[in-house]
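Asks: Take a look at the following structure, please.
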Amino acid sequence: MIERAARAGIPGNVILADSAYGDSCEFRETVRMLGFDYAVGVHKSTVVRRHDARGRLGPAESIADLAARLPRRRFRKVTWREGSKTALASQFHFCRVKTTHNDGMTLDDRDPVWLVIEWPAEEAHPTRFFLTTLPGRMSKRDLVRTLKERWRTERMYEDLKGELGLDHFEGRSFQGWHHHVSVALVCCAFLVAERVRAFPPEAGRSRPARALRATSGAALRGLGRHCPNCHRQHPHPLVAALPVLPSRAPARRTASPRAAAVNFLQ
């Protein structure tokens with residue numbers, strides 16, 4: 001499916017997966033060959049060698065042994081998004097490693113990747129481990145936020161099973177199972193299209209942006225400040241940071257739910 005998505009030019013450049021896929025070095029290498037980055041979960045038995053800033057490699061050891069040597073102070077708190085009740089945060093440690101597996105490639109030719117170890121505050125030891133090829137210049141918060149985006153996939157599965165009967169099929173043929181899954185996906189696409197039509201992205205625009213759109217140009221100019229050097233009026237920094245929106249958004253034709261569902265399946 002990833003190969004077909006790459007040939008079709010479907011937007012996206014990061015593959016997220018749990019440890020069922022992340023533990024497969026063949027899967028990770030194929031994802032890289034197709035031009036994607038990956039951010040995958042792995043089991044603590046995965047063997048790695050730590051890679052320092054000078055390019056030196058440490059001894060081969062399992063992720064569990066590496067994590068056991070790390071004190072709590074080596075972990076930093078990262079908040080990645082707002083949850084339904086409170087901000088979601090945990091303790092993480094980041095280090096560069098090279099995985100060791102027999103794929104015909106030497107360690108010198110293998111690129112280092114990020115090993116991300118998560119140690120929740122309520123746990124007595126680290127519990128989650130990830131490997132990712134995301135760039136080193138990415139901030140740690142953005143890196144963790146990308147790793148945690150799999151919650152959308154899990155939530156979709158929960159909705160498909162709990163609301164649309166994805167797990168209610170009891171047949172024995174692949175054709176029957178395929179038809180059942182297709183109908184569940186069509187229903188899901190229909191509901192998503194209806195949700196987008198009822199709550200378009202414009203409805204989620206921030207309050208300052210909406211206030212700016214409703215403010216006249218004369219009032220905005222009044223928020224400026226006079227510069228004694230060039231004798232010109234400069235915009236207030238808060239106003240300059242807001243997007244300039246048209247006074248009235250042009251009418252847009254949205255696709256019907258049926259068309260959206262068909263496009264989703266295609």
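For the structure tokens, the naming scheme is as follows: chains receive sequential letters (A, B, ...) according to their order of presentation, residues are indexed from 1 within each chain, and ligands are indexed from 1 in presentation order.
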Neighbours of range 54-56 of chain A within 10 Å (only C-alpha atoms; same-chain residues fewer than 3 positions away dropped), as a count of residues only?
Replies: 6
Asks: Write out as a PyMOL selection string which residues come within 12 Å of range 144-161 of chain A when counting only C-alpha atoms, dropping same-chain ones fewer than 6 positions away.
Replies: chain A and resi 13-18+37-41+76-83+88-94+114-118+128-135+138+167-169+180-189+191-192
Asks: Would you mind reading off the distance between CA of Cys95 in chain A and CA of Leu70 in chain A, one decimal, in Å?
Replies: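 Answer for the CA of Cys95 in chain A to CA of Leu70 in chain A separation: 11.3 Å.
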Asks: Using DSSP on the backbone coordinates, identify all residues within range 72-116 of chain A classified as strand (DSSP E or B); present the result as a PyMOL selection string.
Replies: chain A and resi 76-82+87-99+113-116
Asks: Please identify which residues in range 43-199 of chain A DSSP calls alpha helix (DSSP H) from the backbone, and express them as a PyMOL selection string.
Replies: chain A and resi 63-68+140-147+151-163+174-198
Asks: Using only C-alpha atoms, which protein or nucleic acid residues come within 10 Å of Thr127 in chain A? Drop anything in the same chain fewer than 4 positions from it, and give the result as a list in words.
Replies: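 In the requested form, the answer reads His43, Lys44, Ala64, Ala67, Ile117, Glu118, Trp119, Pro120 and Glu123 of chain A.
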